[in-house]
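J.: Contents of work39.cif (mmCIF, N, CA and C atoms and all ligand atoms) are below:
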```cif
data_work
#
loop_
_atom_site.label_atom_id
_atom_site.label_comp_id
_atom_site.auth_asym_id
_atom_site.auth_seq_id
_atom_site.Cartn_x
_atom_site.Cartn_y
_atom_site.Cartn_z
N MET A 16 44.35 74.43 71.71
CA MET A 16 43.92 73.14 71.20
C MET A 16 45.11 72.33 70.71
N VAL A 17 45.07 71.05 71.02
CA VAL A 17 46.17 70.18 70.61
C VAL A 17 45.90 69.65 69.21
N SER A 18 46.90 69.73 68.34
CA SER A 18 46.68 69.29 66.96
C SER A 18 46.58 67.78 66.87
N ARG A 19 45.95 67.30 65.80
CA ARG A 19 45.82 65.86 65.59
C ARG A 19 47.19 65.22 65.47
N MET A 20 48.12 65.96 64.86
CA MET A 20 49.48 65.47 64.68
C MET A 20 50.15 65.20 66.03
N THR A 21 49.96 66.14 66.95
CA THR A 21 50.55 65.99 68.28
C THR A 21 49.94 64.78 68.99
N LEU A 22 48.61 64.65 68.87
CA LEU A 22 47.94 63.51 69.50
C LEU A 22 48.49 62.19 68.93
N TRP A 23 48.63 62.16 67.59
CA TRP A 23 49.13 60.94 66.94
C TRP A 23 50.55 60.64 67.41
N ARG A 24 51.39 61.72 67.49
CA ARG A 24 52.78 61.55 67.90
C ARG A 24 52.85 60.99 69.33
N ASP A 25 51.97 61.51 70.20
CA ASP A 25 51.97 61.03 71.59
C ASP A 25 51.50 59.58 71.67
N ALA A 26 50.58 59.22 70.79
CA ALA A 26 50.05 57.85 70.81
C ALA A 26 51.01 56.86 70.16
N ASN A 27 51.86 57.35 69.23
CA ASN A 27 52.77 56.46 68.48
C ASN A 27 54.22 56.95 68.54
N PRO A 28 54.80 56.98 69.71
CA PRO A 28 56.15 57.57 69.82
C PRO A 28 57.19 56.86 68.95
N GLY A 29 57.09 55.54 68.83
CA GLY A 29 58.06 54.78 68.02
C GLY A 29 58.01 55.17 66.55
N LYS A 30 56.78 55.19 65.99
CA LYS A 30 56.60 55.56 64.58
C LYS A 30 57.02 57.01 64.35
N ALA A 31 56.68 57.88 65.32
CA ALA A 31 57.02 59.29 65.17
C ALA A 31 58.54 59.47 65.10
N LYS A 32 59.24 58.71 65.94
CA LYS A 32 60.70 58.82 65.96
C LYS A 32 61.28 58.34 64.64
N LEU A 33 60.76 57.21 64.13
CA LEU A 33 61.24 56.70 62.85
C LEU A 33 61.02 57.71 61.73
N GLY A 34 59.83 58.34 61.76
CA GLY A 34 59.51 59.33 60.74
C GLY A 34 60.46 60.51 60.79
N ALA A 35 60.76 60.95 62.00
CA ALA A 35 61.65 62.09 62.17
C ALA A 35 63.05 61.75 61.67
N GLN A 36 63.50 60.52 61.98
CA GLN A 36 64.82 60.09 61.52
C GLN A 36 64.86 60.02 60.00
N ARG A 37 63.77 59.53 59.39
CA ARG A 37 63.72 59.41 57.94
C ARG A 37 63.77 60.81 57.30
N ASP A 38 63.00 61.74 57.88
CA ASP A 38 63.03 63.11 57.36
C ASP A 38 64.42 63.71 57.47
N TYR A 39 65.06 63.46 58.59
CA TYR A 39 66.40 64.00 58.82
C TYR A 39 67.37 63.47 57.76
N GLN A 40 67.34 62.14 57.54
CA GLN A 40 68.22 61.53 56.55
C GLN A 40 67.94 62.07 55.16
N ARG A 41 66.64 62.25 54.84
CA ARG A 41 66.26 62.75 53.52
C ARG A 41 66.85 64.15 53.32
N ARG A 42 66.69 65.00 54.31
CA ARG A 42 67.19 66.38 54.20
C ARG A 42 68.71 66.39 54.12
N LYS A 43 69.34 65.50 54.92
CA LYS A 43 70.81 65.46 54.97
C LYS A 43 71.40 65.12 53.61
N HIS A 44 70.75 64.23 52.85
CA HIS A 44 71.30 63.80 51.58
C HIS A 44 70.73 64.54 50.38
N GLN A 45 69.88 65.54 50.68
CA GLN A 45 69.31 66.33 49.60
C GLN A 45 70.40 67.06 48.83
N GLN A 46 70.17 67.26 47.55
CA GLN A 46 71.11 68.05 46.76
C GLN A 46 71.13 69.48 47.28
N PRO A 47 72.32 70.09 47.38
CA PRO A 47 72.34 71.49 47.79
C PRO A 47 71.68 72.37 46.73
N SER A 48 71.11 73.48 47.16
CA SER A 48 70.41 74.36 46.21
C SER A 48 71.41 75.00 45.24
N LEU A 49 70.89 75.51 44.14
CA LEU A 49 71.73 76.15 43.14
C LEU A 49 72.46 77.35 43.75
N ALA A 50 71.73 78.12 44.57
CA ALA A 50 72.33 79.29 45.21
C ALA A 50 73.51 78.87 46.08
N CYS A 51 73.31 77.74 46.77
CA CYS A 51 74.36 77.23 47.66
C CYS A 51 75.59 76.84 46.85
N ILE A 52 75.36 76.16 45.70
CA ILE A 52 76.47 75.73 44.85
C ILE A 52 77.22 76.95 44.30
N LYS A 53 76.44 77.96 43.82
CA LYS A 53 77.07 79.17 43.28
C LYS A 53 77.90 79.87 44.34
N ASN A 54 77.35 79.91 45.55
CA ASN A 54 78.04 80.55 46.66
C ASN A 54 79.35 79.85 46.96
N ARG A 55 79.31 78.51 46.97
CA ARG A 55 80.51 77.73 47.23
C ARG A 55 81.57 77.97 46.16
N LYS A 56 81.08 78.04 44.90
CA LYS A 56 81.99 78.27 43.78
C LYS A 56 82.65 79.64 43.91
N ALA A 57 81.85 80.64 44.29
CA ALA A 57 82.39 81.99 44.46
C ALA A 57 83.42 82.03 45.58
N GLU A 58 83.12 81.32 46.67
CA GLU A 58 84.06 81.27 47.79
C GLU A 58 85.38 80.65 47.36
N LEU A 59 85.27 79.55 46.60
CA LEU A 59 86.47 78.87 46.12
C LEU A 59 87.30 79.78 45.23
N GLN A 60 86.62 80.49 44.31
CA GLN A 60 87.33 81.39 43.40
C GLN A 60 88.00 82.52 44.17
N TYR A 61 87.29 83.02 45.19
CA TYR A 61 87.84 84.09 46.02
C TYR A 61 89.11 83.62 46.72
N ARG A 62 89.03 82.40 47.28
CA ARG A 62 90.17 81.83 47.99
C ARG A 62 91.35 81.61 47.04
N GLN A 63 91.04 81.12 45.82
CA GLN A 63 92.11 80.89 44.84
C GLN A 63 92.77 82.21 44.44
N ARG A 64 91.95 83.28 44.35
CA ARG A 64 92.49 84.59 43.99
C ARG A 64 93.43 85.08 45.10
N LEU A 65 92.99 84.93 46.35
CA LEU A 65 93.84 85.34 47.47
C LEU A 65 95.15 84.55 47.44
N ARG A 66 95.04 83.23 47.22
CA ARG A 66 96.22 82.39 47.22
C ARG A 66 97.18 82.81 46.12
N SER A 67 96.66 83.11 44.93
CA SER A 67 97.57 83.45 43.84
C SER A 67 98.22 84.82 44.10
N GLN A 68 97.50 85.72 44.79
CA GLN A 68 98.12 86.99 45.17
C GLN A 68 99.29 86.75 46.14
N ILE A 69 99.07 85.80 47.05
CA ILE A 69 100.12 85.48 48.02
C ILE A 69 101.32 84.85 47.32
N LEU A 70 101.04 83.93 46.38
CA LEU A 70 102.15 83.30 45.64
C LEU A 70 102.96 84.35 44.90
N ASP A 71 102.26 85.34 44.28
CA ASP A 71 102.97 86.41 43.59
C ASP A 71 103.83 87.20 44.57
N LEU A 72 103.21 87.50 45.72
CA LEU A 72 103.90 88.30 46.73
C LEU A 72 105.17 87.60 47.22
N LEU A 73 105.08 86.26 47.35
CA LEU A 73 106.21 85.52 47.93
C LEU A 73 107.16 84.95 46.88
N GLY A 74 106.95 85.31 45.63
CA GLY A 74 107.96 84.99 44.62
C GLY A 74 107.69 83.77 43.75
N ASN A 75 106.53 83.09 43.95
CA ASN A 75 106.15 81.98 43.07
C ASN A 75 107.11 80.81 42.99
N LYS A 76 108.02 80.68 43.95
CA LYS A 76 108.88 79.49 43.94
C LYS A 76 109.32 79.13 45.36
N CYS A 77 109.72 77.86 45.51
CA CYS A 77 110.15 77.36 46.80
C CYS A 77 111.40 78.12 47.27
N ALA A 78 111.37 78.56 48.52
CA ALA A 78 112.48 79.37 49.05
C ALA A 78 113.74 78.53 49.23
N VAL A 79 113.61 77.20 49.28
CA VAL A 79 114.79 76.35 49.49
C VAL A 79 115.34 75.84 48.16
N CYS A 80 114.49 75.18 47.35
CA CYS A 80 115.02 74.51 46.16
C CYS A 80 114.63 75.18 44.84
N GLY A 81 113.71 76.17 44.89
CA GLY A 81 113.35 76.87 43.67
C GLY A 81 112.25 76.22 42.85
N PHE A 82 111.68 75.13 43.33
CA PHE A 82 110.58 74.46 42.63
C PHE A 82 109.44 75.46 42.44
N SER A 83 108.80 75.45 41.25
CA SER A 83 107.86 76.55 40.98
C SER A 83 106.46 76.13 40.54
N ASP A 84 106.11 74.85 40.62
CA ASP A 84 104.75 74.46 40.26
C ASP A 84 103.80 74.88 41.39
N PRO A 85 102.87 75.82 41.09
CA PRO A 85 102.01 76.35 42.15
C PRO A 85 101.16 75.28 42.84
N LYS A 86 100.93 74.16 42.13
CA LYS A 86 100.10 73.11 42.74
C LYS A 86 100.76 72.49 43.96
N ALA A 87 102.11 72.52 43.99
CA ALA A 87 102.81 71.89 45.12
C ALA A 87 103.48 72.92 46.03
N LEU A 88 103.16 74.20 45.81
CA LEU A 88 103.74 75.21 46.69
C LEU A 88 102.85 75.43 47.90
N GLN A 89 103.48 75.53 49.05
CA GLN A 89 102.73 75.72 50.29
C GLN A 89 103.23 76.97 50.99
N ILE A 90 102.29 77.66 51.61
CA ILE A 90 102.64 78.89 52.32
C ILE A 90 103.11 78.49 53.70
N ASP A 91 104.34 78.83 54.01
CA ASP A 91 104.94 78.38 55.26
C ASP A 91 105.16 79.55 56.21
N HIS A 92 104.84 79.33 57.48
CA HIS A 92 105.18 80.30 58.51
C HIS A 92 106.64 80.07 58.84
N ILE A 93 107.48 81.06 58.63
CA ILE A 93 108.91 80.86 58.85
C ILE A 93 109.17 80.35 60.28
N HIS A 94 108.41 80.85 61.25
CA HIS A 94 108.63 80.43 62.64
C HIS A 94 107.61 79.43 63.15
N GLY A 95 106.88 78.76 62.23
CA GLY A 95 105.92 77.74 62.63
C GLY A 95 104.60 78.31 63.12
N GLY A 96 103.68 77.40 63.47
CA GLY A 96 102.42 77.84 64.06
C GLY A 96 101.29 78.05 63.06
N GLY A 97 101.49 77.67 61.80
CA GLY A 97 100.48 77.90 60.76
C GLY A 97 99.20 77.14 61.01
N TYR A 98 99.33 75.91 61.45
CA TYR A 98 98.14 75.09 61.68
C TYR A 98 97.24 75.72 62.74
N ARG A 99 97.87 76.14 63.84
CA ARG A 99 97.06 76.72 64.92
C ARG A 99 96.46 78.05 64.51
N GLN A 100 97.20 78.83 63.70
CA GLN A 100 96.64 80.09 63.25
C GLN A 100 95.42 79.85 62.37
N ARG A 101 95.54 78.85 61.48
CA ARG A 101 94.44 78.53 60.59
C ARG A 101 93.22 78.09 61.39
N GLN A 102 93.46 77.30 62.46
CA GLN A 102 92.36 76.86 63.31
C GLN A 102 91.71 78.07 63.97
N GLY A 103 92.51 79.06 64.31
CA GLY A 103 92.01 80.22 65.04
C GLY A 103 91.21 81.18 64.18
N VAL A 104 91.73 81.55 63.01
CA VAL A 104 91.07 82.60 62.23
C VAL A 104 90.41 82.09 60.96
N GLY A 105 90.70 80.86 60.55
CA GLY A 105 90.14 80.33 59.29
C GLY A 105 91.05 80.67 58.13
N ILE A 106 90.92 79.90 57.05
CA ILE A 106 91.86 80.02 55.94
C ILE A 106 91.76 81.36 55.22
N ASP A 107 90.54 81.88 55.01
CA ASP A 107 90.40 83.15 54.29
C ASP A 107 91.02 84.29 55.08
N ASN A 108 90.73 84.34 56.38
CA ASN A 108 91.32 85.38 57.21
C ASN A 108 92.83 85.25 57.28
N GLN A 109 93.30 84.00 57.29
CA GLN A 109 94.74 83.79 57.32
C GLN A 109 95.37 84.34 56.04
N TYR A 110 94.74 84.09 54.90
CA TYR A 110 95.25 84.61 53.64
C TYR A 110 95.26 86.15 53.67
N ARG A 111 94.15 86.73 54.15
CA ARG A 111 94.08 88.20 54.20
C ARG A 111 95.16 88.76 55.13
N LEU A 112 95.39 88.04 56.22
CA LEU A 112 96.42 88.47 57.18
C LEU A 112 97.79 88.48 56.51
N ILE A 113 98.08 87.43 55.74
CA ILE A 113 99.38 87.34 55.06
C ILE A 113 99.54 88.50 54.08
N LEU A 114 98.46 88.82 53.34
CA LEU A 114 98.53 89.93 52.39
C LEU A 114 98.70 91.25 53.13
N GLU A 115 98.02 91.38 54.26
CA GLU A 115 98.09 92.61 55.03
C GLU A 115 99.51 92.88 55.54
N VAL A 116 100.19 91.82 55.99
CA VAL A 116 101.56 92.02 56.50
C VAL A 116 102.59 91.90 55.37
N LYS A 117 102.10 91.91 54.12
CA LYS A 117 102.95 91.85 52.93
C LYS A 117 103.89 90.64 52.95
N GLY A 118 103.40 89.54 53.48
CA GLY A 118 104.17 88.31 53.47
C GLY A 118 105.28 88.24 54.51
N GLU A 119 105.35 89.24 55.37
CA GLU A 119 106.39 89.28 56.41
C GLU A 119 106.23 88.07 57.34
N GLY A 120 107.28 87.25 57.47
CA GLY A 120 107.21 86.08 58.34
C GLY A 120 106.73 84.83 57.63
N TYR A 121 106.46 84.96 56.32
CA TYR A 121 106.00 83.80 55.55
C TYR A 121 106.94 83.55 54.39
N GLN A 122 106.96 82.32 53.91
CA GLN A 122 107.73 81.99 52.72
C GLN A 122 107.01 80.87 51.98
N LEU A 123 107.37 80.70 50.73
CA LEU A 123 106.81 79.58 49.96
C LEU A 123 107.79 78.42 50.06
N LEU A 124 107.25 77.25 50.29
CA LEU A 124 108.05 76.03 50.25
C LEU A 124 107.30 75.01 49.41
N CYS A 125 108.04 74.19 48.70
CA CYS A 125 107.37 73.10 48.00
C CYS A 125 106.99 72.06 49.07
N ALA A 126 106.13 71.13 48.70
CA ALA A 126 105.64 70.16 49.68
C ALA A 126 106.79 69.39 50.32
N ASN A 127 107.79 69.01 49.53
CA ASN A 127 108.92 68.26 50.08
C ASN A 127 109.70 69.08 51.09
N CYS A 128 110.08 70.29 50.70
CA CYS A 128 110.89 71.13 51.59
C CYS A 128 110.11 71.47 52.86
N ASN A 129 108.79 71.70 52.72
CA ASN A 129 107.96 72.01 53.89
C ASN A 129 107.94 70.83 54.86
N GLN A 130 107.79 69.64 54.29
CA GLN A 130 107.74 68.44 55.13
C GLN A 130 109.08 68.23 55.84
N ILE A 131 110.17 68.44 55.09
CA ILE A 131 111.50 68.28 55.67
C ILE A 131 111.71 69.30 56.79
N LYS A 132 111.28 70.53 56.55
CA LYS A 132 111.42 71.58 57.56
C LYS A 132 110.65 71.21 58.84
N LYS A 133 109.40 70.71 58.64
CA LYS A 133 108.59 70.31 59.80
C LYS A 133 109.29 69.21 60.59
N TYR A 134 109.87 68.26 59.86
CA TYR A 134 110.53 67.14 60.53
C TYR A 134 111.76 67.62 61.29
N VAL A 135 112.59 68.41 60.60
CA VAL A 135 113.84 68.89 61.21
C VAL A 135 113.56 69.77 62.43
N ASN A 136 112.58 70.68 62.29
CA ASN A 136 112.29 71.62 63.39
C ASN A 136 111.33 71.04 64.42
N LYS A 137 110.91 69.77 64.20
CA LYS A 137 109.93 69.14 65.09
C LYS A 137 108.71 70.02 65.27
N GLU A 138 108.24 70.60 64.15
CA GLU A 138 107.02 71.43 64.20
C GLU A 138 105.83 70.49 64.24
N ASN A 139 105.39 70.22 65.44
CA ASN A 139 104.25 69.33 65.60
C ASN A 139 103.06 70.16 66.04
N ARG A 140 101.97 70.04 65.31
CA ARG A 140 100.82 70.90 65.62
C ARG A 140 100.22 70.64 66.99
N HIS A 141 100.49 69.47 67.57
CA HIS A 141 99.91 69.20 68.87
C HIS A 141 100.78 69.70 70.02
N ARG A 142 102.03 70.04 69.68
CA ARG A 142 102.92 70.57 70.71
C ARG A 142 103.11 72.06 70.50
N ALA A 143 102.90 72.81 71.54
CA ALA A 143 103.12 74.24 71.42
C ALA A 143 103.56 74.77 72.77
N THR A 144 104.49 75.69 72.75
CA THR A 144 104.88 76.30 74.01
C THR A 144 103.84 77.35 74.35
N ALA A 145 103.74 77.66 75.62
CA ALA A 145 102.76 78.66 76.05
C ALA A 145 103.03 80.00 75.37
N THR A 146 104.30 80.35 75.19
CA THR A 146 104.64 81.64 74.59
C THR A 146 104.16 81.74 73.15
N THR A 147 104.41 80.70 72.36
CA THR A 147 103.97 80.79 70.97
C THR A 147 102.45 80.88 70.89
N LEU A 148 101.75 80.13 71.76
CA LEU A 148 100.29 80.19 71.75
C LEU A 148 99.80 81.60 72.07
N VAL A 149 100.40 82.22 73.09
CA VAL A 149 99.98 83.57 73.48
C VAL A 149 100.28 84.56 72.35
N ASN A 150 101.46 84.46 71.75
CA ASN A 150 101.82 85.35 70.64
C ASN A 150 100.85 85.22 69.49
N GLU A 151 100.52 83.97 69.12
CA GLU A 151 99.61 83.77 68.00
C GLU A 151 98.22 84.31 68.30
N LYS A 152 97.75 84.06 69.53
CA LYS A 152 96.42 84.52 69.92
C LYS A 152 96.37 86.05 69.85
N THR A 153 97.41 86.71 70.31
CA THR A 153 97.46 88.17 70.27
C THR A 153 97.43 88.67 68.84
N GLN A 154 98.22 88.01 67.99
CA GLN A 154 98.26 88.40 66.57
C GLN A 154 96.87 88.24 65.93
N GLN A 155 96.22 87.11 66.23
CA GLN A 155 94.89 86.85 65.67
C GLN A 155 93.89 87.92 66.13
N LEU A 156 93.94 88.23 67.43
CA LEU A 156 92.99 89.21 67.97
C LEU A 156 93.22 90.58 67.35
N ASN A 157 94.50 90.98 67.23
CA ASN A 157 94.81 92.26 66.61
C ASN A 157 94.26 92.32 65.19
N PHE A 158 94.45 91.20 64.49
CA PHE A 158 93.99 91.16 63.11
C PHE A 158 92.47 91.27 63.04
N LEU A 159 91.78 90.48 63.86
CA LEU A 159 90.32 90.47 63.81
C LEU A 159 89.74 91.83 64.23
N GLU A 160 90.42 92.52 65.14
CA GLU A 160 89.95 93.85 65.55
C GLU A 160 90.04 94.85 64.40
N ASP A 161 91.05 94.63 63.53
CA ASP A 161 91.24 95.54 62.39
C ASP A 161 90.18 95.35 61.32
N LEU A 162 89.52 94.17 61.30
CA LEU A 162 88.56 93.90 60.21
C LEU A 162 87.33 94.78 60.31
ZN ZN B 1 111.55 72.96 47.73
#
```
Could you rewrite the structure in this file as structure tokens?
Ligand SMILES: [Zn+2]
T.:
Amino acid sequence: MVSRMTLWRDANPGKAKLGAQRDYQRRKHQQPSLACIKNRKAELQYRQRLRSQILDLLGNKCAVCGFSDPKALQIDHIHGGGYRQRQGVGIDNQYRLILEVKGEGYQLLCANCNQIKKYVNKENRHRATATTLVNEKTQQLNFLEDL
């Protein structure tokens, strides 16, 4: 048996579409649930904990100039490729990977020194040689297999 709702929808396709769009917008702008907010907060705290472990591991200061405010310290891949790795495995996995390899191949740079390094080395996230891409993909796969 066909429901009255279905019959109405078939008879009024324009109104039905408007209603569906309104419901979609309402749900889209709804406040996230408390559980969702708590979960997000926990994720953020977890990520901050991982980051501070990495900062400790890498010496808590810029490898070039010695700047030590953690707010402006960035985790740098000594040989580049951080952006693509992050795209591949996600930030949490990337942090865990850094801790797993005990910071080997990574260093802390302040935002200025990191930017200067990117400029000098022409580390452009849109340009990559086939070799670096293959190496990074292999590293990511090895890491994910270990999880
Ligand atoms: Zn620096």
J.: Could you give me, as a list in words, every polymer residue with an atom at most 6 Å away from an atom of ligand ZN 1 (chain B), counting all atoms listed in the file?
T.: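 Sorted by chain and then by number, the residues are Cys77, Ala78, Val79, Cys80, Gly81, Phe82, Leu124, Cys125, Ala126, Asn127, Cys128 and Asn129 of chain A.
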J.: Could you pull out the residues in segment 74-161 of chain A that DSSP calls strand (DSSP E or B) from the backbone, as a PyMOL selection string?
T.: chain A and resi 88-92+121-125
J.: What is the distance, in Å and to one decimal place, between atom CA of Gln68 of chain A and atom CA of Arg111 of chain A?
T.: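 If I compute the distance from atom CA of Gln68 of chain A to atom CA of Arg111 of chain A, I get 10.0 Å.
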J.: Go through A:Glu151, A:Gln122, A:Asn108, A:Gln130 and flag the residue nearest Gly74 of chain A, using only N, CA and C atoms for the distances.
T.: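 Closest to Gly74 of chain A of all the choices is A:Gln122.
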J.: Name the residues of segment 23-127 of chain A that come out as alpha helix (DSSP H) in a backbone DSSP run; write them as an MDAnalysis selection string.
T.: chainID A and resid 23:26 28:43 49:72 97:104 106:115 126:127
J.: One decimal, Å: what's the distance from atom CA of Ile131 of chain A over to atom N of Val104 of chain A, could you say?
T.: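 Pair atom CA of Ile131 of chain A / atom N of Val104 of chain A returns 24.9 Å.
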J.: Can you work out the spacing between atom N of Gly120 of chain A and atom N of Leu156 of chain A in Å, to one decimal?
T.: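 Between atom N of Gly120 of chain A and atom N of Leu156 of chain A the gap is 16.7 Å.
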J.: Pick out the residues sitting within 9 Å of Gly95 of chain A, and hand them over as a PyMOL selection string; count only C-alpha atoms, and ignore anything fewer than 4 positions along from it in its own chain.
T.: chain A and resi 91+133+136+138
J.: Box in all listed atoms of segment 120-138 of chain A, axis-aligned, with 3 Å more on each side; write out centre and edge lengths in Å to one decimal as JSON.
T.:
```
{"center_x": 109.7, "center_y": 77.2, "center_z": 56.6, "size_x": 14.2, "size_y": 26.1, "size_z": 23.3}
```
J.: Quick one: residues within 8 Å of Gly118 of chain A, only N, CA and C atoms, excluding same-chain residues fewer than 4 positions away - as a ChimeraX atom specification?
T.: /A:69,72-73,112-114,122
J.: Go ahead and find all residues with at least one atom no further than 12 Å from (92.2, 85.8, 62.3) in the file's coordinates, using only C-alpha atoms; report them as a list in words.
T.: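 Applying the cut-off with only C-alpha atoms, one gets Gly97, Arg99, Gln100, Arg101, Gln102, Gly103, Val104, Gly105, Ile106, Asp107, Asn108, Gln109, Tyr110, Arg111, Leu112, Ile113, Glu115, Glu151, Lys152, Thr153, Gln154, Gln155, Leu156, Asn157, Phe158, Leu159, Glu160, Asp161 and Leu162 of chain A.
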J.: Next, dump the selected residues to file, keeping only N, CA and C atoms, as a PDB file, in the coordinates of the input.
T.:
```
ATOM      1  N   GLY A  97     101.490  77.670  61.800  1.00  0.00           N
ATOM      2  CA  GLY A  97     100.480  77.900  60.760  1.00  0.00           C
ATOM      3  C   GLY A  97      99.200  77.140  61.010  1.00  0.00           C
ATOM      4  N   ARG A  99      97.870  76.140  63.840  1.00  0.00           N
ATOM      5  CA  ARG A  99      97.060  76.720  64.920  1.00  0.00           C
ATOM      6  C   ARG A  99      96.460  78.050  64.510  1.00  0.00           C
ATOM      7  N   GLN A 100      97.200  78.830  63.700  1.00  0.00           N
ATOM      8  CA  GLN A 100      96.640  80.090  63.250  1.00  0.00           C
ATOM      9  C   GLN A 100      95.420  79.850  62.370  1.00  0.00           C
ATOM     10  N   ARG A 101      95.540  78.850  61.480  1.00  0.00           N
ATOM     11  CA  ARG A 101      94.440  78.530  60.590  1.00  0.00           C
ATOM     12  C   ARG A 101      93.220  78.090  61.390  1.00  0.00           C
ATOM     13  N   GLN A 102      93.460  77.300  62.460  1.00  0.00           N
ATOM     14  CA  GLN A 102      92.360  76.860  63.310  1.00  0.00           C
ATOM     15  C   GLN A 102      91.710  78.070  63.970  1.00  0.00           C
ATOM     16  N   GLY A 103      92.510  79.060  64.310  1.00  0.00           N
ATOM     17  CA  GLY A 103      92.010  80.220  65.040  1.00  0.00           C
ATOM     18  C   GLY A 103      91.210  81.180  64.180  1.00  0.00           C
ATOM     19  N   VAL A 104      91.730  81.550  63.010  1.00  0.00           N
ATOM     20  CA  VAL A 104      91.070  82.600  62.230  1.00  0.00           C
ATOM     21  C   VAL A 104      90.410  82.090  60.960  1.00  0.00           C
ATOM     22  N   GLY A 105      90.700  80.860  60.550  1.00  0.00           N
ATOM     23  CA  GLY A 105      90.140  80.330  59.290  1.00  0.00           C
ATOM     24  C   GLY A 105      91.050  80.670  58.130  1.00  0.00           C
ATOM     25  N   ILE A 106      90.920  79.900  57.050  1.00  0.00           N
ATOM     26  CA  ILE A 106      91.860  80.020  55.940  1.00  0.00           C
ATOM     27  C   ILE A 106      91.760  81.360  55.220  1.00  0.00           C
ATOM     28  N   ASP A 107      90.540  81.880  55.010  1.00  0.00           N
ATOM     29  CA  ASP A 107      90.400  83.150  54.290  1.00  0.00           C
ATOM     30  C   ASP A 107      91.020  84.290  55.080  1.00  0.00           C
ATOM     31  N   ASN A 108      90.730  84.340  56.380  1.00  0.00           N
ATOM     32  CA  ASN A 108      91.320  85.380  57.210  1.00  0.00           C
ATOM     33  C   ASN A 108      92.830  85.250  57.280  1.00  0.00           C
ATOM     34  N   GLN A 109      93.300  84.000  57.290  1.00  0.00           N
ATOM     35  CA  GLN A 109      94.740  83.790  57.320  1.00  0.00           C
ATOM     36  C   GLN A 109      95.370  84.340  56.040  1.00  0.00           C
ATOM     37  N   TYR A 110      94.740  84.090  54.900  1.00  0.00           N
ATOM     38  CA  TYR A 110      95.250  84.610  53.640  1.00  0.00           C
ATOM     39  C   TYR A 110      95.260  86.150  53.670  1.00  0.00           C
ATOM     40  N   ARG A 111      94.150  86.730  54.150  1.00  0.00           N
ATOM     41  CA  ARG A 111      94.080  88.200  54.200  1.00  0.00           C
ATOM     42  C   ARG A 111      95.160  88.760  55.130  1.00  0.00           C
ATOM     43  N   LEU A 112      95.390  88.040  56.220  1.00  0.00           N
ATOM     44  CA  LEU A 112      96.420  88.470  57.180  1.00  0.00           C
ATOM     45  C   LEU A 112      97.790  88.480  56.510  1.00  0.00           C
ATOM     46  N   ILE A 113      98.080  87.430  55.740  1.00  0.00           N
ATOM     47  CA  ILE A 113      99.380  87.340  55.060  1.00  0.00           C
ATOM     48  C   ILE A 113      99.540  88.500  54.080  1.00  0.00           C
ATOM     49  N   GLU A 115      98.020  91.380  54.260  1.00  0.00           N
ATOM     50  CA  GLU A 115      98.090  92.610  55.030  1.00  0.00           C
ATOM     51  C   GLU A 115      99.510  92.880  55.540  1.00  0.00           C
ATOM     52  N   GLU A 151     100.520  83.970  69.120  1.00  0.00           N
ATOM     53  CA  GLU A 151      99.610  83.770  68.000  1.00  0.00           C
ATOM     54  C   GLU A 151      98.220  84.310  68.300  1.00  0.00           C
ATOM     55  N   LYS A 152      97.750  84.060  69.530  1.00  0.00           N
ATOM     56  CA  LYS A 152      96.420  84.520  69.920  1.00  0.00           C
ATOM     57  C   LYS A 152      96.370  86.050  69.850  1.00  0.00           C
ATOM     58  N   THR A 153      97.410  86.710  70.310  1.00  0.00           N
ATOM     59  CA  THR A 153      97.460  88.170  70.270  1.00  0.00           C
ATOM     60  C   THR A 153      97.430  88.670  68.840  1.00  0.00           C
ATOM     61  N   GLN A 154      98.220  88.010  67.990  1.00  0.00           N
ATOM     62  CA  GLN A 154      98.260  88.400  66.570  1.00  0.00           C
ATOM     63  C   GLN A 154      96.870  88.240  65.930  1.00  0.00           C
ATOM     64  N   GLN A 155      96.220  87.110  66.230  1.00  0.00           N
ATOM     65  CA  GLN A 155      94.890  86.850  65.670  1.00  0.00           C
ATOM     66  C   GLN A 155      93.890  87.920  66.130  1.00  0.00           C
ATOM     67  N   LEU A 156      93.940  88.230  67.430  1.00  0.00           N
ATOM     68  CA  LEU A 156      92.990  89.210  67.970  1.00  0.00           C
ATOM     69  C   LEU A 156      93.220  90.580  67.350  1.00  0.00           C
ATOM     70  N   ASN A 157      94.500  90.980  67.230  1.00  0.00           N
ATOM     71  CA  ASN A 157      94.810  92.260  66.610  1.00  0.00           C
ATOM     72  C   ASN A 157      94.260  92.320  65.190  1.00  0.00           C
ATOM     73  N   PHE A 158      94.450  91.200  64.490  1.00  0.00           N
ATOM     74  CA  PHE A 158      93.990  91.160  63.110  1.00  0.00           C
ATOM     75  C   PHE A 158      92.470  91.270  63.040  1.00  0.00           C
ATOM     76  N   LEU A 159      91.780  90.480  63.860  1.00  0.00           N
ATOM     77  CA  LEU A 159      90.320  90.470  63.810  1.00  0.00           C
ATOM     78  C   LEU A 159      89.740  91.830  64.230  1.00  0.00           C
ATOM     79  N   GLU A 160      90.420  92.520  65.140  1.00  0.00           N
ATOM     80  CA  GLU A 160      89.950  93.850  65.550  1.00  0.00           C
ATOM     81  C   GLU A 160      90.040  94.850  64.400  1.00  0.00           C
ATOM     82  N   ASP A 161      91.050  94.630  63.530  1.00  0.00           N
ATOM     83  CA  ASP A 161      91.240  95.540  62.390  1.00  0.00           C
ATOM     84  C   ASP A 161      90.180  95.350  61.320  1.00  0.00           C
ATOM     85  N   LEU A 162      89.520  94.170  61.300  1.00  0.00           N
ATOM     86  CA  LEU A 162      88.560  93.900  60.210  1.00  0.00           C
ATOM     87  C   LEU A 162      87.330  94.780  60.310  1.00  0.00           C
TER      88      LEU A 162
END
```
